[in-house]
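Listing of my_file.pdb; format and content: PDB, C-alpha atoms.
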ATOM      1  CA  MET A   1      85.974  74.462 126.383
ATOM      2  CA  LYS A   2      82.431  74.648 127.639
ATOM      3  CA  ASN A   3      79.770  74.903 125.025
ATOM      4  CA  PRO A   4      78.137  78.326 125.417
ATOM      5  CA  ILE A   5      74.858  77.030 123.985
ATOM      6  CA  GLU A   6      74.316  75.228 127.269
ATOM      7  CA  ASN A   7      73.690  78.559 128.883
ATOM      8  CA  LEU A   8      71.122  79.658 126.333
ATOM      9  CA  ASN A   9      67.714  79.542 127.937
ATOM     10  CA  LYS A  10      65.089  77.700 125.896
ATOM     11  CA  THR A  11      62.358  79.788 127.512
ATOM     12  CA  PHE A  12      63.715  82.889 125.797
ATOM     13  CA  ASP A  13      63.881  81.271 122.386
ATOM     14  CA  SER A  14      61.392  83.611 120.734
ATOM     15  CA  ARG A  15      61.464  87.199 119.591
ATOM     16  CA  ILE A  16      58.289  87.933 121.518
ATOM     17  CA  ARG A  17      59.573  86.540 124.808
ATOM     18  CA  LEU A  18      62.860  88.398 124.374
ATOM     19  CA  GLY A  19      60.826  91.552 123.779
ATOM     20  CA  ILE A  20      58.742  91.058 126.906
ATOM     21  CA  MET A  21      61.807  90.407 129.054
ATOM     22  CA  SER A  22      63.768  93.340 127.598
ATOM     23  CA  ALA A  23      60.952  95.773 128.285
ATOM     24  CA  LEU A  24      60.496  94.494 131.832
ATOM     25  CA  MET A  25      64.218  94.618 132.596
ATOM     26  CA  VAL A  26      64.397  98.398 132.166
ATOM     27  CA  ASN A  27      60.986  99.293 133.626
ATOM     28  CA  THR A  28      59.517  98.606 137.050
ATOM     29  CA  SER A  29      56.265  97.552 135.412
ATOM     30  CA  VAL A  30      54.725  97.541 131.950
ATOM     31  CA  ASN A  31      51.080  96.939 131.043
ATOM     32  CA  PHE A  32      49.620  94.659 128.396
ATOM     33  CA  ASN A  33      48.918  97.358 125.820
ATOM     34  CA  GLN A  34      52.383  98.856 126.135
ATOM     35  CA  LEU A  35      53.899  95.432 125.517
ATOM     36  CA  LYS A  36      51.562  94.846 122.599
ATOM     37  CA  GLU A  37      52.526  98.131 121.026
ATOM     38  CA  LEU A  38      56.230  97.605 121.650
ATOM     39  CA  ILE A  39      56.440  94.113 120.284
ATOM     40  CA  GLN A  40      53.694  94.492 117.686
ATOM     41  CA  VAL A  41      51.874  91.219 118.164
ATOM     42  CA  THR A  42      48.268  90.142 118.481
ATOM     43  CA  ASP A  43      46.587  89.876 121.891
ATOM     44  CA  GLY A  44      46.402  86.090 121.829
ATOM     45  CA  ASN A  45      49.975  85.614 120.761
ATOM     46  CA  LEU A  46      51.272  87.973 123.435
ATOM     47  CA  ALA A  47      49.071  86.414 126.116
ATOM     48  CA  SER A  48      50.353  82.914 125.428
ATOM     49  CA  HIS A  49      53.995  84.008 125.632
ATOM     50  CA  ILE A  50      53.283  85.909 128.839
ATOM     51  CA  LYS A  51      51.694  82.767 130.239
ATOM     52  CA  ALA A  52      54.806  80.748 129.400
ATOM     53  CA  LEU A  53      57.093  83.251 131.119
ATOM     54  CA  GLU A  54      54.798  83.419 134.122
ATOM     55  CA  ASP A  55      54.759  79.619 134.391
ATOM     56  CA  SER A  56      58.559  79.644 134.451
ATOM     57  CA  GLY A  57      58.421  82.100 137.353
ATOM     58  CA  TYR A  58      60.255  84.804 135.374
ATOM     59  CA  ILE A  59      57.543  87.437 135.449
ATOM     60  CA  LYS A  60      54.742  88.339 137.816
ATOM     61  CA  ILE A  61      51.326  89.703 137.036
ATOM     62  CA  GLN A  62      49.263  92.286 138.876
ATOM     63  CA  LYS A  63      45.697  92.924 137.855
ATOM     64  CA  GLY A  64      44.132  96.301 138.455
ATOM     65  CA  PHE A  65      41.684  98.790 137.040
ATOM     66  CA  ILE A  66      41.891 102.160 135.368
ATOM     67  CA  GLY A  67      38.299 103.356 135.657
ATOM     68  CA  LYS A  68      36.247 100.457 134.439
ATOM     69  CA  LYS A  69      38.901  99.031 132.141
ATOM     70  CA  THR A  70      41.121  96.286 133.402
ATOM     71  CA  ASN A  71      44.768  97.158 133.563
ATOM     72  CA  THR A  72      47.137  94.273 133.941
ATOM     73  CA  VAL A  73      50.732  95.146 134.646
ATOM     74  CA  TYR A  74      53.725  92.866 134.453
ATOM     75  CA  SER A  75      57.063  93.001 136.172
ATOM     76  CA  VAL A  76      60.143  90.828 136.178
ATOM     77  CA  THR A  77      60.923  88.559 139.131
ATOM     78  CA  LYS A  78      64.357  88.111 140.729
ATOM     79  CA  ALA A  79      64.634  84.704 139.066
ATOM     80  CA  GLY A  80      63.615  86.190 135.718
ATOM     81  CA  GLU A  81      66.201  88.929 135.963
ATOM     82  CA  LYS A  82      68.934  86.442 136.754
ATOM     83  CA  ALA A  83      67.906  84.034 134.004
ATOM     84  CA  PHE A  84      67.780  86.815 131.437
ATOM     85  CA  ARG A  85      71.237  88.076 132.362
ATOM     86  CA  VAL A  86      72.670  84.578 132.021
ATOM     87  CA  HIS A  87      70.976  84.290 128.631
ATOM     88  CA  LEU A  88      72.410  87.623 127.474
ATOM     89  CA  ASP A  89      75.894  86.653 128.626
ATOM     90  CA  ALA A  90      75.581  83.408 126.674
ATOM     91  CA  LEU A  91      74.510  85.279 123.552
ATOM     92  CA  GLU A  92      77.469  87.605 123.942
ATOM     93  CA  LYS A  93      79.924  84.743 124.353
ATOM     94  CA  MET A  94      78.572  83.014 121.270
ATOM     95  CA  ILE A  95      79.094  86.129 119.196
ATOM     96  CA  LYS A  96      82.657  86.470 120.450
ATOM     97  CA  ASN A  97      83.423  82.854 119.651
ATOM     98  CA  ILE A  98      82.217  82.921 116.062
TER      99      ILE A  98
ATOM    100  CA  MET B   1      77.911  83.691 109.047
ATOM    101  CA  ASN B   2      74.156  83.237 109.129
ATOM    102  CA  ALA B   3      74.273  82.362 112.798
ATOM    103  CA  THR B   4      76.179  85.560 113.600
ATOM    104  CA  GLN B   5      73.573  87.499 111.706
ATOM    105  CA  LYS B   6      70.794  85.860 113.684
ATOM    106  CA  LEU B   7      72.523  86.469 116.992
ATOM    107  CA  SER B   8      73.273  90.081 116.324
ATOM    108  CA  ASN B   9      69.685  90.592 115.177
ATOM    109  CA  GLU B  10      68.539  89.117 118.442
ATOM    110  CA  LEU B  11      70.770  91.396 120.488
ATOM    111  CA  HIS B  12      69.686  94.334 118.373
ATOM    112  CA  ASP B  13      66.035  93.495 119.101
ATOM    113  CA  ILE B  14      66.696  93.294 122.821
ATOM    114  CA  LYS B  15      68.468  96.632 122.814
ATOM    115  CA  LYS B  16      65.663  98.208 120.806
ATOM    116  CA  MET B  17      62.973  96.952 123.172
ATOM    117  CA  MET B  18      64.878  98.161 126.213
ATOM    118  CA  GLU B  19      65.271 101.592 124.682
ATOM    119  CA  GLN B  20      61.761 101.940 123.382
ATOM    120  CA  SER B  21      60.093 100.853 126.559
ATOM    121  CA  SER B  22      62.099 103.297 128.611
ATOM    122  CA  ARG B  23      61.300 106.304 126.428
ATOM    123  CA  PHE B  24      58.246 108.515 126.567
ATOM    124  CA  ILE B  25      56.719 107.969 123.148
ATOM    125  CA  SER B  26      53.433 109.848 123.546
ATOM    126  CA  LEU B  27      54.941 113.257 122.903
ATOM    127  CA  SER B  28      52.647 114.575 120.201
ATOM    128  CA  GLY B  29      53.803 116.598 117.205
ATOM    129  CA  LEU B  30      50.645 118.659 117.609
ATOM    130  CA  SER B  31      51.993 119.762 120.998
ATOM    131  CA  GLY B  32      55.003 121.232 119.231
ATOM    132  CA  ILE B  33      52.775 123.045 116.754
ATOM    133  CA  ALA B  34      50.511 124.391 119.518
ATOM    134  CA  ALA B  35      53.448 125.598 121.616
ATOM    135  CA  GLY B  36      54.977 127.219 118.527
ATOM    136  CA  VAL B  37      51.761 129.064 117.706
ATOM    137  CA  CYS B  38      51.496 130.320 121.306
ATOM    138  CA  ALA B  39      55.091 131.541 121.130
ATOM    139  CA  LEU B  40      54.445 133.405 117.878
ATOM    140  CA  ILE B  41      51.322 135.073 119.311
ATOM    141  CA  GLY B  42      53.264 135.993 122.452
ATOM    142  CA  ALA B  43      56.108 137.424 120.400
ATOM    143  CA  TRP B  44      53.639 139.402 118.299
ATOM    144  CA  PHE B  45      52.097 140.950 121.422
ATOM    145  CA  ALA B  46      55.506 141.712 122.841
ATOM    146  CA  ASN B  47      56.581 143.332 119.612
ATOM    147  CA  ASN B  48      53.431 145.420 119.251
ATOM    148  CA  PHE B  49      52.703 146.574 122.746
ATOM    149  CA  ILE B  50      56.102 146.843 124.244
ATOM    150  CA  GLY B  51      58.808 146.759 121.628
ATOM    151  CA  ARG B  52      58.079 150.342 120.572
ATOM    152  CA  ASP B  53      58.159 152.382 123.741
ATOM    153  CA  GLU B  54      60.075 150.259 126.206
ATOM    154  CA  VAL B  55      63.254 149.316 124.450
ATOM    155  CA  VAL B  56      63.588 145.857 125.856
ATOM    156  CA  LEU B  57      66.134 143.376 124.565
ATOM    157  CA  THR B  58      68.098 146.030 122.719
ATOM    158  CA  ARG B  59      71.546 147.385 123.179
ATOM    159  CA  GLN B  60      70.316 150.663 124.651
ATOM    160  CA  SER B  61      69.170 148.982 127.804
ATOM    161  CA  VAL B  62      72.726 147.991 128.578
ATOM    162  CA  ASN B  63      74.046 151.465 127.974
ATOM    163  CA  SER B  64      71.424 152.992 130.213
ATOM    164  CA  PRO B  65      71.041 150.815 133.260
ATOM    165  CA  ASP B  66      68.939 153.565 134.853
ATOM    166  CA  SER B  67      66.161 153.154 132.308
ATOM    167  CA  ILE B  68      62.616 152.655 133.524
ATOM    168  CA  LEU B  69      63.170 148.987 133.087
ATOM    169  CA  HIS B  70      65.908 148.735 135.616
ATOM    170  CA  GLY B  71      64.736 147.215 138.845
ATOM    171  CA  ASP B  72      61.179 147.081 137.613
ATOM    172  CA  PHE B  73      61.468 144.174 135.243
ATOM    173  CA  ILE B  74      59.397 141.948 137.500
ATOM    174  CA  ASN B  75      56.421 144.266 137.050
ATOM    175  CA  SER B  76      57.016 144.961 133.380
ATOM    176  CA  ARG B  77      54.507 144.005 130.714
ATOM    177  CA  ILE B  78      57.045 141.930 128.821
ATOM    178  CA  LEU B  79      57.461 139.584 131.746
ATOM    179  CA  GLN B  80      53.692 139.279 132.083
ATOM    180  CA  ILE B  81      53.387 138.463 128.404
ATOM    181  CA  ALA B  82      56.253 135.991 128.662
ATOM    182  CA  PHE B  83      54.605 134.311 131.621
ATOM    183  CA  ILE B  84      51.188 134.059 129.952
ATOM    184  CA  THR B  85      52.840 132.752 126.782
ATOM    185  CA  PHE B  86      54.680 130.086 128.744
ATOM    186  CA  VAL B  87      51.535 128.935 130.562
ATOM    187  CA  ALA B  88      49.491 128.898 127.338
ATOM    188  CA  ALA B  89      52.194 127.000 125.456
ATOM    189  CA  PHE B  90      52.617 124.502 128.252
ATOM    190  CA  LEU B  91      48.880 123.866 128.612
ATOM    191  CA  SER B  92      48.211 123.512 124.902
ATOM    192  CA  ALA B  93      51.225 121.221 124.517
ATOM    193  CA  PHE B  94      49.994 119.187 127.462
ATOM    194  CA  ILE B  95      46.493 118.765 125.999
ATOM    195  CA  PHE B  96      47.721 117.214 122.736
ATOM    196  CA  THR B  97      50.215 114.941 124.446
ATOM    197  CA  TYR B  98      47.529 113.914 126.921
ATOM    198  CA  ARG B  99      45.226 112.999 124.031
ATOM    199  CA  ARG B 100      47.977 110.993 122.382
ATOM    200  CA  SER B 101      48.796 109.173 125.582
ATOM    201  CA  LYS B 102      45.138 108.135 125.793
ATOM    202  CA  LYS B 103      45.398 106.764 122.280
ATOM    203  CA  THR B 104      48.658 104.914 122.791
ATOM    204  CA  ASN B 105      47.504 103.764 126.217
ATOM    205  CA  VAL B 106      50.633 104.958 127.950
ATOM    206  CA  PRO B 107      50.012 106.687 131.281
ATOM    207  CA  ILE B 108      50.707 110.418 130.979
ATOM    208  CA  TRP B 109      52.461 110.412 134.329
ATOM    209  CA  GLY B 110      54.406 107.180 134.038
ATOM    210  CA  THR B 111      58.073 106.502 134.658
ATOM    211  CA  THR B 112      59.100 107.615 131.188
ATOM    212  CA  ALA B 113      57.173 110.896 131.479
ATOM    213  CA  LYS B 114      58.740 111.647 134.855
ATOM    214  CA  ARG B 115      62.236 110.999 133.553
ATOM    215  CA  LEU B 116      61.513 113.249 130.597
ATOM    216  CA  MET B 117      60.246 116.113 132.776
ATOM    217  CA  ILE B 118      63.164 115.975 135.214
ATOM    218  CA  ASN B 119      65.696 115.959 132.416
ATOM    219  CA  VAL B 120      64.173 118.871 130.531
ATOM    220  CA  SER B 121      63.629 120.871 133.722
ATOM    221  CA  VAL B 122      67.106 120.840 135.238
ATOM    222  CA  PRO B 123      68.911 122.868 132.529
ATOM    223  CA  MET B 124      65.863 125.113 132.086
ATOM    224  CA  ILE B 125      65.482 125.990 135.764
ATOM    225  CA  ALA B 126      69.223 126.569 136.126
ATOM    226  CA  GLY B 127      69.113 128.749 133.005
ATOM    227  CA  GLY B 128      66.059 130.627 134.251
ATOM    228  CA  ILE B 129      67.724 131.525 137.549
ATOM    229  CA  PHE B 130      70.886 132.538 135.712
ATOM    230  CA  LEU B 131      68.949 134.825 133.378
ATOM    231  CA  LEU B 132      66.967 136.391 136.239
ATOM    232  CA  ALA B 133      70.281 137.264 137.869
ATOM    233  CA  LEU B 134      71.404 138.963 134.644
ATOM    234  CA  ILE B 135      68.090 140.810 134.384
ATOM    235  CA  LYS B 136      68.496 142.015 137.949
ATOM    236  CA  ASP B 137      71.740 143.667 136.888
ATOM    237  CA  GLY B 138      70.046 145.262 133.907
ATOM    238  CA  VAL B 139      71.655 143.038 131.303
ATOM    239  CA  TYR B 140      68.938 142.247 128.795
ATOM    240  CA  ASP B 141      71.014 141.326 125.766
ATOM    241  CA  PHE B 142      71.452 137.758 126.866
ATOM    242  CA  VAL B 143      67.838 137.018 127.740
ATOM    243  CA  ALA B 144      66.724 135.870 124.293
ATOM    244  CA  PRO B 145      69.875 133.893 123.405
ATOM    245  CA  GLY B 146      69.987 132.537 126.962
ATOM    246  CA  CYS B 147      66.396 131.281 126.750
ATOM    247  CA  LEU B 148      67.162 129.557 123.454
ATOM    248  CA  ILE B 149      70.450 128.022 124.572
ATOM    249  CA  PHE B 150      69.205 126.710 127.919
ATOM    250  CA  TYR B 151      65.985 125.461 126.389
ATOM    251  CA  GLY B 152      67.996 123.726 123.675
ATOM    252  CA  LEU B 153      70.203 122.081 126.294
ATOM    253  CA  GLY B 154      67.104 120.952 128.178
ATOM    254  CA  VAL B 155      65.575 119.448 125.048
ATOM    255  CA  LEU B 156      68.841 117.788 124.069
ATOM    256  CA  ASN B 157      69.192 116.317 127.537
ATOM    257  CA  ALA B 158      65.598 115.088 127.553
ATOM    258  CA  SER B 159      65.784 113.626 124.058
ATOM    259  CA  LYS B 160      67.404 110.512 125.519
ATOM    260  CA  TYR B 161      64.100 109.785 127.195
ATOM    261  CA  THR B 162      61.724 110.409 124.317
ATOM    262  CA  LEU B 163      61.587 110.126 120.513
ATOM    263  CA  HIS B 164      65.111 110.335 119.047
ATOM    264  CA  GLU B 165      64.355 113.163 116.637
ATOM    265  CA  THR B 166      63.744 115.567 119.497
ATOM    266  CA  ARG B 167      67.490 116.048 119.812
ATOM    267  CA  TYR B 168      67.604 117.838 116.466
ATOM    268  CA  LEU B 169      65.196 120.406 117.903
ATOM    269  CA  GLY B 170      67.651 120.802 120.797
ATOM    270  CA  TYR B 171      70.624 121.302 118.456
ATOM    271  CA  CYS B 172      68.719 123.853 116.379
ATOM    272  CA  GLU B 173      67.667 125.866 119.447
ATOM    273  CA  ILE B 174      71.253 125.942 120.730
ATOM    274  CA  ILE B 175      72.673 127.014 117.369
ATOM    275  CA  LEU B 176      70.018 129.704 116.979
ATOM    276  CA  GLY B 177      70.733 130.940 120.509
ATOM    277  CA  LEU B 178      74.450 131.154 119.786
ATOM    278  CA  ILE B 179      73.869 133.104 116.567
ATOM    279  CA  CYS B 180      71.468 135.355 118.460
ATOM    280  CA  LEU B 181      74.325 136.369 120.789
ATOM    281  CA  TYR B 182      75.771 138.390 117.924
ATOM    282  CA  PHE B 183      72.526 140.169 117.024
ATOM    283  CA  PRO B 184      71.641 141.765 120.340
ATOM    284  CA  GLY B 185      68.969 144.086 118.952
ATOM    285  CA  ASP B 186      66.997 141.324 117.301
ATOM    286  CA  GLY B 187      66.467 139.079 120.301
ATOM    287  CA  LEU B 188      62.717 138.992 119.904
ATOM    288  CA  TYR B 189      62.945 137.824 116.286
ATOM    289  CA  PHE B 190      65.307 135.023 117.210
ATOM    290  CA  TRP B 191      63.079 134.177 120.136
ATOM    291  CA  ALA B 192      60.067 133.965 117.805
ATOM    292  CA  ALA B 193      62.036 131.852 115.336
ATOM    293  CA  GLY B 194      63.316 129.480 118.017
ATOM    294  CA  PHE B 195      60.226 129.030 120.119
ATOM    295  CA  GLY B 196      57.681 129.638 117.377
ATOM    296  CA  ILE B 197      58.878 128.502 113.988
ATOM    297  CA  LEU B 198      61.248 125.731 115.095
ATOM    298  CA  HIS B 199      58.529 124.220 117.280
ATOM    299  CA  ILE B 200      56.037 124.301 114.433
ATOM    300  CA  VAL B 201      58.501 122.753 111.962
ATOM    301  CA  TYR B 202      59.425 120.090 114.521
ATOM    302  CA  GLY B 203      55.757 119.456 115.342
ATOM    303  CA  VAL B 204      54.737 119.058 111.711
ATOM    304  CA  PHE B 205      57.653 116.713 111.060
ATOM    305  CA  MET B 206      56.866 114.543 114.079
ATOM    306  CA  TRP B 207      53.173 114.509 113.310
ATOM    307  CA  LEU B 208      53.791 113.425 109.713
ATOM    308  CA  LYS B 209      56.227 110.758 110.836
ATOM    309  CA  TYR B 210      54.385 109.215 113.775
ATOM    310  CA  GLU B 211      50.749 110.252 113.894
ATOM    311  CA  ARG B 212      49.367 110.894 110.439
ATOM    312  CA  ASN B 213      47.514 107.610 109.873
TER     313      ASN B 213
END
Mind converting the file's structure to structure tokens?
Amino acid sequence: MKNPIENLNKTFDSRIRLGIMSALMVNTSVNFNQLKELIQVTDGNLASHIKALEDSGYIKIQKGFIGKKTNTVYSVTKAGEKAFRVHLDALEKMIKNI
Amino acid sequence: MNATQKLSNELHDIKKMMEQSSRFISLSGLSGIAAGVCALIGAWFANNFIGRDEVVLTRQSVNSPDSILHGDFINSRILQIAFITFVAAFLSAFIFTYRRSKKTNVPIWGTTAKRLMINVSVPMIAGGIFLLALIKDGVYDFVAPGCLIFYGLGVLNASKYTLHETRYLGYCEIILGLICLYFPGDGLYFWAAGFGILHIVYGVFMWLKYERN
């Protein structure tokens, strides 16, 4: 039998990254402050995890303005959506196997 | 065993994030209080200026369909008061939720807000048209319970897209509306309790729980 851990994605191996991906999966786009409030992390911490996900090509970033304030919104890419679904399936299988 | 725990925590977190990010969380408790106060003021006006001479929302109106009210409800003072009350309640509720959305940095007209509005509106608009049809036929007994029941259904429906506790407001409005069906003469009191007092109680509870700090 195939080891389900193989399908677990290392990129999602953090509560913060899981949070970012979960929020983006059910919303067309989410901005930085919404993510911060949802996941309850510091700016720097969130930014570094976002960077990691962006580097993997799982999320995309759009910078804009609301008045004079910058408003950066994030959305999930096709690749990100697929990778996250595979990761969720793997998690599910692991639970069933235990 | 520990691994299962960790996994299920992880899945729980994912589910929580998906839910939270797809709900409109800026709904302010103060909005509930403001809307409730408007409703009480509206009910007070209705009771004072109209309740005495025009016997609206009482059993008599059914027994005498030829009363002055019949056919002229659209121009009646009670409908004007109801309309002004609705606009005032809506605006004041909007102001507090708008302020909160500024604070929480969630756009007031985002996806979650739109979903919330559509889901609260559908049962309410359907109910409104239904009640207007009853009014047209001179049946006033069901106006107050109808308002409460349809509003309750709207709130219950919309509660999936905002803070969980909102559904208890929906349940309470529905129950109150159903009880009101059996007290046809006291529609206005039930209306005041449902739209006034329940909103204020709900608003205070939500404010204490989410906004006090």
Residues matched by the PyMOL selection byres ((chain A and resi 23) around 8) as an NGL selection string: (:A and (19-22 or 24-27 or 30 or 35)) or (:B and (17-18 or 20-22))
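Minimum atom-to-atom distances from A:Leu46, A:Ile66, A:Ile59, A:Ala83 to chain B were compared using all atoms listed in the file, and the lowest value belongs to A:Ile66.
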Show me, as a PyMOL selection string, the residues that have an atom within 6 Å of region 24-33 of chain B when counting all atoms listed in the file, minus same-chain residues fewer than 4 positions from it. chain B and resi 93+96-97+100-101+112-113+162-163+199-200+203+206-207
May I ask which of the residues A:Lys82, A:Lys36, A:His49, A:Lys93 is the closest one to Thr11 (chain A), counting only C-alpha atoms?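 Ranked by minimum distance to Thr11 (chain A), first place goes to A:His49.
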Please expand the ChimeraX specification (/B :<12) & /A into the concrete residues it hits in this file, giving the result as number ranges by chain. A: 5, 8, 12-40, 66, 69, 71, 73, 84-85, 87-98
Excluding Ser56 (chain A) and its own-chain neighbours fewer than 4 positions away, which residues fall within 9 Å of it when counting only C-alpha atoms? Please give them as a list in words. Thr11, Lys51, Ala52 and Gly80 of chain A
Dump C-alpha atoms for the selected residues as an mmCIF file, keeping the file's coordinate frame?
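For reference, part_1.cif as written:
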data_model
loop_
_atom_site.group_PDB
_atom_site.id
_atom_site.type_symbol
_atom_site.label_atom_id
_atom_site.label_comp_id
_atom_site.auth_asym_id
_atom_site.auth_seq_id
_atom_site.Cartn_x
_atom_site.Cartn_y
_atom_site.Cartn_z
ATOM 1 C CA THR A 11 62.358 79.788 127.512
ATOM 2 C CA LYS A 51 51.694 82.767 130.239
ATOM 3 C CA ALA A 52 54.806 80.748 129.400
ATOM 4 C CA GLY A 80 63.615 86.190 135.718
#
Write out as a PDB file with C-alpha atoms, keeping the file's coordinate frame which residues come within 10 Å of Leu176 (chain B) when counting only C-alpha atoms, dropping same-chain ones fewer than 3 positions away.
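That gives us part_35.pdb:
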ATOM      1  CA  PRO B 145      69.875 133.893 123.405  1.00  0.00           C
ATOM      2  CA  LEU B 148      67.162 129.557 123.454  1.00  0.00           C
ATOM      3  CA  ILE B 149      70.450 128.022 124.572  1.00  0.00           C
ATOM      4  CA  GLY B 152      67.996 123.726 123.675  1.00  0.00           C
ATOM      5  CA  GLY B 170      67.651 120.802 120.797  1.00  0.00           C
ATOM      6  CA  TYR B 171      70.624 121.302 118.456  1.00  0.00           C
ATOM      7  CA  CYS B 172      68.719 123.853 116.379  1.00  0.00           C
ATOM      8  CA  GLU B 173      67.667 125.866 119.447  1.00  0.00           C
ATOM      9  CA  ILE B 179      73.869 133.104 116.567  1.00  0.00           C
ATOM     10  CA  CYS B 180      71.468 135.355 118.460  1.00  0.00           C
ATOM     11  CA  LEU B 181      74.325 136.369 120.789  1.00  0.00           C
ATOM     12  CA  PHE B 190      65.307 135.023 117.210  1.00  0.00           C
ATOM     13  CA  TRP B 191      63.079 134.177 120.136  1.00  0.00           C
ATOM     14  CA  ALA B 193      62.036 131.852 115.336  1.00  0.00           C
ATOM     15  CA  GLY B 194      63.316 129.480 118.017  1.00  0.00           C
ATOM     16  CA  LEU B 198      61.248 125.731 115.095  1.00  0.00           C
TER      17      LEU B 198
END
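Here CA of Gly128 (chain B) and CA of Gly154 (chain B) stand 11.5 Å from one another.
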Separation of CA of Asn213 (chain B) from CA of Tyr98 (chain B), in Å and rounded to one decimal: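 The value is 18.2 Å.
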Tell me which of B:Ile118, B:Cys147, B:Leu91, B:Val204 sits closest to Ala192 (chain B), counting only C-alpha atoms.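 Once distances to Ala192 (chain B) are computed over only C-alpha atoms, the minimum belongs to B:Cys147.
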Using all atoms listed in the file, determine which residues lie at most 12 Å from Phe45 (chain B), disregarding the query and same-chain residues fewer than 5 positions distant; provide the list as a ChimeraX atom specification. /B:38-40,50-52,77-82,84-85,188,192
Got time to write the residues from that selection, C-alpha atoms, as a PDB file, keeping the file's coordinate frame?
ATOM      1  CA  CYS B  38      51.496 130.320 121.306  1.00  0.00           C
ATOM      2  CA  ALA B  39      55.091 131.541 121.130  1.00  0.00           C
ATOM      3  CA  LEU B  40      54.445 133.405 117.878  1.00  0.00           C
ATOM      4  CA  ILE B  50      56.102 146.843 124.244  1.00  0.00           C
ATOM      5  CA  GLY B  51      58.808 146.759 121.628  1.00  0.00           C
ATOM      6  CA  ARG B  52      58.079 150.342 120.572  1.00  0.00           C
ATOM      7  CA  ARG B  77      54.507 144.005 130.714  1.00  0.00           C
ATOM      8  CA  ILE B  78      57.045 141.930 128.821  1.00  0.00           C
ATOM      9  CA  LEU B  79      57.461 139.584 131.746  1.00  0.00           C
ATOM     10  CA  GLN B  80      53.692 139.279 132.083  1.00  0.00           C
ATOM     11  CA  ILE B  81      53.387 138.463 128.404  1.00  0.00           C
ATOM     12  CA  ALA B  82      56.253 135.991 128.662  1.00  0.00           C
ATOM     13  CA  ILE B  84      51.188 134.059 129.952  1.00  0.00           C
ATOM     14  CA  THR B  85      52.840 132.752 126.782  1.00  0.00           C
ATOM     15  CA  LEU B 188      62.717 138.992 119.904  1.00  0.00           C
ATOM     16  CA  ALA B 192      60.067 133.965 117.805  1.00  0.00           C
TER      17      ALA B 192
END
Work out how far CA of Met124 (chain B) is from CA of Phe86 (chain B), in Å to one decimal.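 For CA of Phe86 (chain B) relative to CA of Met124 (chain B), the distance reads 12.7 Å.
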Given the file shown, determine the residues that the PyMOL selection byres ((chain B and resi 184) around 9) selects; report them as a compact mmCIF listing (two decimals) with C-alpha atoms, in the frame of the given file.
# COMPACT_ATOMS: atom_id res chain seq x y z
CA LEU B 57 66.13 143.38 124.56
CA THR B 58 68.10 146.03 122.72
CA ARG B 59 71.55 147.38 123.18
CA TYR B 140 68.94 142.25 128.79
CA ASP B 141 71.01 141.33 125.77
CA PHE B 142 71.45 137.76 126.87
CA ALA B 144 66.72 135.87 124.29
CA PRO B 145 69.88 133.89 123.40
CA CYS B 180 71.47 135.35 118.46
CA LEU B 181 74.32 136.37 120.79
CA TYR B 182 75.77 138.39 117.92
CA PHE B 183 72.53 140.17 117.02
CA GLY B 185 68.97 144.09 118.95
CA ASP B 186 67.00 141.32 117.30
CA GLY B 187 66.47 139.08 120.30
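Among the candidates B:Tyr210, B:Asn48, B:Ile95, B:Arg23, the residue lying nearest to Lys160 (chain B) is B:Arg23 (atoms considered: all atoms listed in the file).
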